[in-house]
Amino acid sequence: MKSPCYKSITLVILLFVNVSINAQYQKRIDSLLTLIPLAKEDTLKVQLYKHLCWNYGGLRTELEVTRAYADSTFWLSKKLQYEKGIIEAYHCYGMVNRYEGNYPKALECLQTYVTYCKKNNHPIKETQGWFQIGAVYQLMGDYDKSLAPMEYCLQIQEEHKDWHGYVATMNSIGIVYKRMEKYEKAIESYTKAIAVNKKYNLGRDLTYIFHNIGNGYTGLQQFDIALNWYQKSLDLANLAENTYAITGNLTAIGRAYNLMNLHDKALVFQLKALQIQEDSSQRNSFSNSLLEIGNTYIKLKNYKEAENNLIKGLNIATEINAKQLIKNGYEYLETLYLETKQYRRAYDYGQRYRAIKDSIFSEKKIKQINELQAKYEASEKDKQITILAKEKEIQEQEARRQASIKRYSILALVLLLIVTGLSIYVLNQRLRTQKIVALKNNEIKEIKFRRQLSELKIKALQAQINPHFMFNCMNSINQMILEGDAKNASKYLTKLGELVRRVLENTEEPEIPLKEELIMLEEYMQLEILRFSGKIQYKMDVQKDIDQENTYLPAMILQPFVENAIWHGLIPKKEDGLVTISIDQLQDQLVCFIEDNGVGRKDKQEQRNSLWKKKSLGVKITEERLNLCNKEFQKQFVHITDLKDVLGQSAGTRVEISIPIS
């Protein structure tokens with residue numbers, strides 16, 4: 001049975017864990033130190049050492065003591081063979097190395113901690129480790145690597161409803177975005193943290209979140225809004241008597257006023273922060289305030305006060321060996337002495353500044369090499385430690401997992417290739433089918449086109465050798481017989497038979513030679529001359545270089561236009577008339593002109609129903625034939641021109657026909 005004293009210690013620890021976040025780290029340390037003498041060397045004492053390590057770490061000024069308690073946690077756990085305590089020690093070492101600036105060693109320790117927590121299914125503790133890893137990468141300036149573990153933390157915290165941890169992680173993500181100068185996203189993260197705190201009524205201290213929102217608006221140079229948030233944070237800090245947060249907000253307000261070039265106002269808040277820090281043990285912060293005040297005095301041209309504060313701040317920084325602050329002090333003093341034209345001193349501090357800047361870098365490199373060597377030696381000596389055995393087992397499991405991933409990746413790749421091949425095959429089949437369908441559609445269109453062409457040929461034949469024409473011819477023959485002109489009647493009948501025979505013969509051919517077309521046209525003209533007793537004449541003019549035997553065109557394509565020239569141009573004329581047919585070749589086209597010196601297209605009532613006002617069936621069908629035979633040409637094939645004499649009177653009509661030839 002446990003002793004009353006032991007029970008009291010346990011109760012105090014439980015109370016300690018639930019202490020408000022606004023309580024001073026030093027008060028926590030004092031409470032823990034009173035419990036150490038009462039605790040036995042068992043797992044309870046390991047927990048006390050661990051809590052002391054973390055709280056001294058929170059002070060940031062007692063890093064040697066912090067590391068000592070981390071060592072105590074490790075060695076007592078090793079002595080007790082307390083595996084969880086050893087792992088907690090790695091967590092402590094990660095924090096200590098982070099504060100000391102030894103980031104590679106910090107990452108190594110924290111990675112060991114999160115691996116153990118993940119394997120043993122401690123998700124909340126795992127997020128604590130990942131949170132620290134994200135903070136280390138943030139300090140290293142590797143912001144992408146910083147965000148990844150923090151976002152992973154959010155997933156676990158949301159899954160397990162760890163809303164306190166969720167708020168802390170969102171706040172840290174906001175800090176990362178602020179360092180990346182993505183101030184809008186930083187403010188968005190802080191705002192979300194506040195919303196979650198309110199939604200679940202966590203009662204979490206928002207002092208630092210308000211402060212960080214102020215930093216975001218300062219980055220956006222929206223100083224009035226920033227100052228408002230700093231004031232909210234300052235009010236909470238005053239209420240909780242959190243001097244660290246109070247001085248932080250006062251310093252931030254001073255920084256904002258400096259950026260607004262209100263250096264007098266900035267100095268008021270910096271001096272107030274300094275006054276509070278004079279009564280605290282945070283010499284690091286006290287030194288920083290003195291140096292920043294000195295820098296503000298330089299801007300105010302108060303060089304004497306600037307020198308006093310800078311020297312005092314530099315002395316404190318030297319005593320605590322805070323190299324970053326020493327570097328800042330040298331830099332500010334160099335600026336001061338340059339402005340006061342004390343060039344010898346300026347040169348001296350400038351040399352010191354550059355030397356310590358270089359030394360900080362060199363010392364870090366040497367420290368990393370020494371730690372890597374120490375790690376190797378320690379691993380050789382501590383091979384029998386349980387934690388290292390566990391690490392080896394974890395590594396083997398990871399290797400097996402990676403091998404499984406590799407196998408599954410290969411299988412997935414094979415499946416992907418198969419699916420891709422099938423997809424390509426199906427696509428090709430679909431394209432092939434579409435091509436076949438397109439060819440069938442083209443064949444159907446071609447058949448339809450040929451059918452239309454045949455029908456138009458028949459219509460053209462019927463229109464060209466129409467009953468009206470035949471009736472007129474028969475009347476002419478009959479009239480000649482009655483008048484006793486048997487010779488001309490016989491001649492007329494013979495020529496009509498020859499024309500009908502030629503038309504019927506050429507009906508079967510889609511195209512005929514130009515020579516054959518001209519012969520039929522001439523036979524038709526001779527019939528018309530006989531019918532009208534020589535009242536009309538014709539003239540044909542064919543370009544000499546046209547090969548009439550090998551130039552093909554649709555049959556009887558010109559006759560309808562000649563017929564219209566005679567009937568609607570020459571017959572209404574009192575005098576004798578002339579039809580001129582001219583044929584020329586222009587590249588791949590025959591250009592035919594059919595010109596008459598008839599009455600033209602007069603705008604009289606008796607002419608309104610003529611061809612030129614309303615096209616005859618023969619002309620209409622001829623144009624359709626031209627369009628069907630030459631679908632690739634999008635143009636007008638027939639042009640009609642009214643001819644005028646010098647007085648502007650109608651002098652006939654000219655028809656221009658463009659016939660594509662093969």
# chains A, B, ... in the order shown; residues from 1 in each chain; ligands from 1
$ residues_around --residues "range 534-543 of chain A" --least-positions-apart "6" --cutoff "8 Å" --atoms "only C-alpha atoms" --output "list in words"
Met525, Glu528, Ile566, Leu570, Glu575, Asp576, Gly577, Leu578, Val579, Thr580, Ile581, Ser582, Ile583, Asp584 and Gln585 of chain A
$ write_last_selection --atoms "N, CA and C atoms" --output "mmCIF file, in the first residue's frame"
data_model
loop_
_atom_site.group_PDB
_atom_site.id
_atom_site.type_symbol
_atom_site.label_atom_id
_atom_site.label_comp_id
_atom_site.auth_asym_id
_atom_site.auth_seq_id
_atom_site.Cartn_x
_atom_site.Cartn_y
_atom_site.Cartn_z
ATOM 1 N N MET A 525 -29.545 26.560 -133.689
ATOM 2 C CA MET A 525 -29.617 27.908 -134.235
ATOM 3 C C MET A 525 -30.113 27.887 -135.674
ATOM 4 N N GLU A 528 -33.808 27.531 -135.738
ATOM 5 C CA GLU A 528 -34.468 28.783 -135.401
ATOM 6 C C GLU A 528 -34.412 29.764 -136.572
ATOM 7 N N ILE A 566 -33.039 34.374 -127.903
ATOM 8 C CA ILE A 566 -33.825 34.491 -129.139
ATOM 9 C C ILE A 566 -35.255 34.894 -128.816
ATOM 10 N N LEU A 570 -34.696 38.774 -129.145
ATOM 11 C CA LEU A 570 -34.706 39.097 -130.568
ATOM 12 C C LEU A 570 -36.100 39.075 -131.188
ATOM 13 N N GLU A 575 -36.614 44.797 -135.902
ATOM 14 C CA GLU A 575 -35.532 44.604 -136.855
ATOM 15 C C GLU A 575 -34.940 43.201 -136.696
ATOM 16 N N ASP A 576 -34.012 42.878 -137.632
ATOM 17 C CA ASP A 576 -33.295 41.605 -137.529
ATOM 18 C C ASP A 576 -32.388 41.640 -136.303
ATOM 19 N N GLY A 577 -32.168 40.451 -135.771
ATOM 20 C CA GLY A 577 -31.348 40.381 -134.556
ATOM 21 C C GLY A 577 -30.145 39.458 -134.708
ATOM 22 N N LEU A 578 -29.190 39.619 -133.776
ATOM 23 C CA LEU A 578 -27.951 38.836 -133.811
ATOM 24 C C LEU A 578 -27.641 38.286 -132.416
ATOM 25 N N VAL A 579 -27.336 36.996 -132.400
ATOM 26 C CA VAL A 579 -26.860 36.357 -131.159
ATOM 27 C C VAL A 579 -25.380 36.031 -131.340
ATOM 28 N N THR A 580 -24.534 36.544 -130.421
ATOM 29 C CA THR A 580 -23.085 36.296 -130.466
ATOM 30 C C THR A 580 -22.701 35.374 -129.318
ATOM 31 N N ILE A 581 -22.053 34.268 -129.683
ATOM 32 C CA ILE A 581 -21.610 33.286 -128.675
ATOM 33 C C ILE A 581 -20.092 33.294 -128.663
ATOM 34 N N SER A 582 -19.486 33.713 -127.518
ATOM 35 C CA SER A 582 -18.021 33.772 -127.373
ATOM 36 C C SER A 582 -17.602 32.820 -126.265
ATOM 37 N N ILE A 583 -16.541 32.062 -126.545
ATOM 38 C CA ILE A 583 -16.056 31.082 -125.551
ATOM 39 C C ILE A 583 -14.566 31.282 -125.357
ATOM 40 N N ASP A 584 -14.169 31.448 -124.088
ATOM 41 C CA ASP A 584 -12.754 31.641 -123.715
ATOM 42 C C ASP A 584 -12.429 30.694 -122.563
ATOM 43 N N GLN A 585 -11.149 30.429 -122.390
ATOM 44 C CA GLN A 585 -10.733 29.543 -121.282
ATOM 45 C C GLN A 585 -9.871 30.345 -120.313
#
$ closest_residue --among "A:Ala226, A:Val599, A:Glu549, A:Met480" --to "Pro572 in chain A" --atoms "only C-alpha atoms"
A:Val599
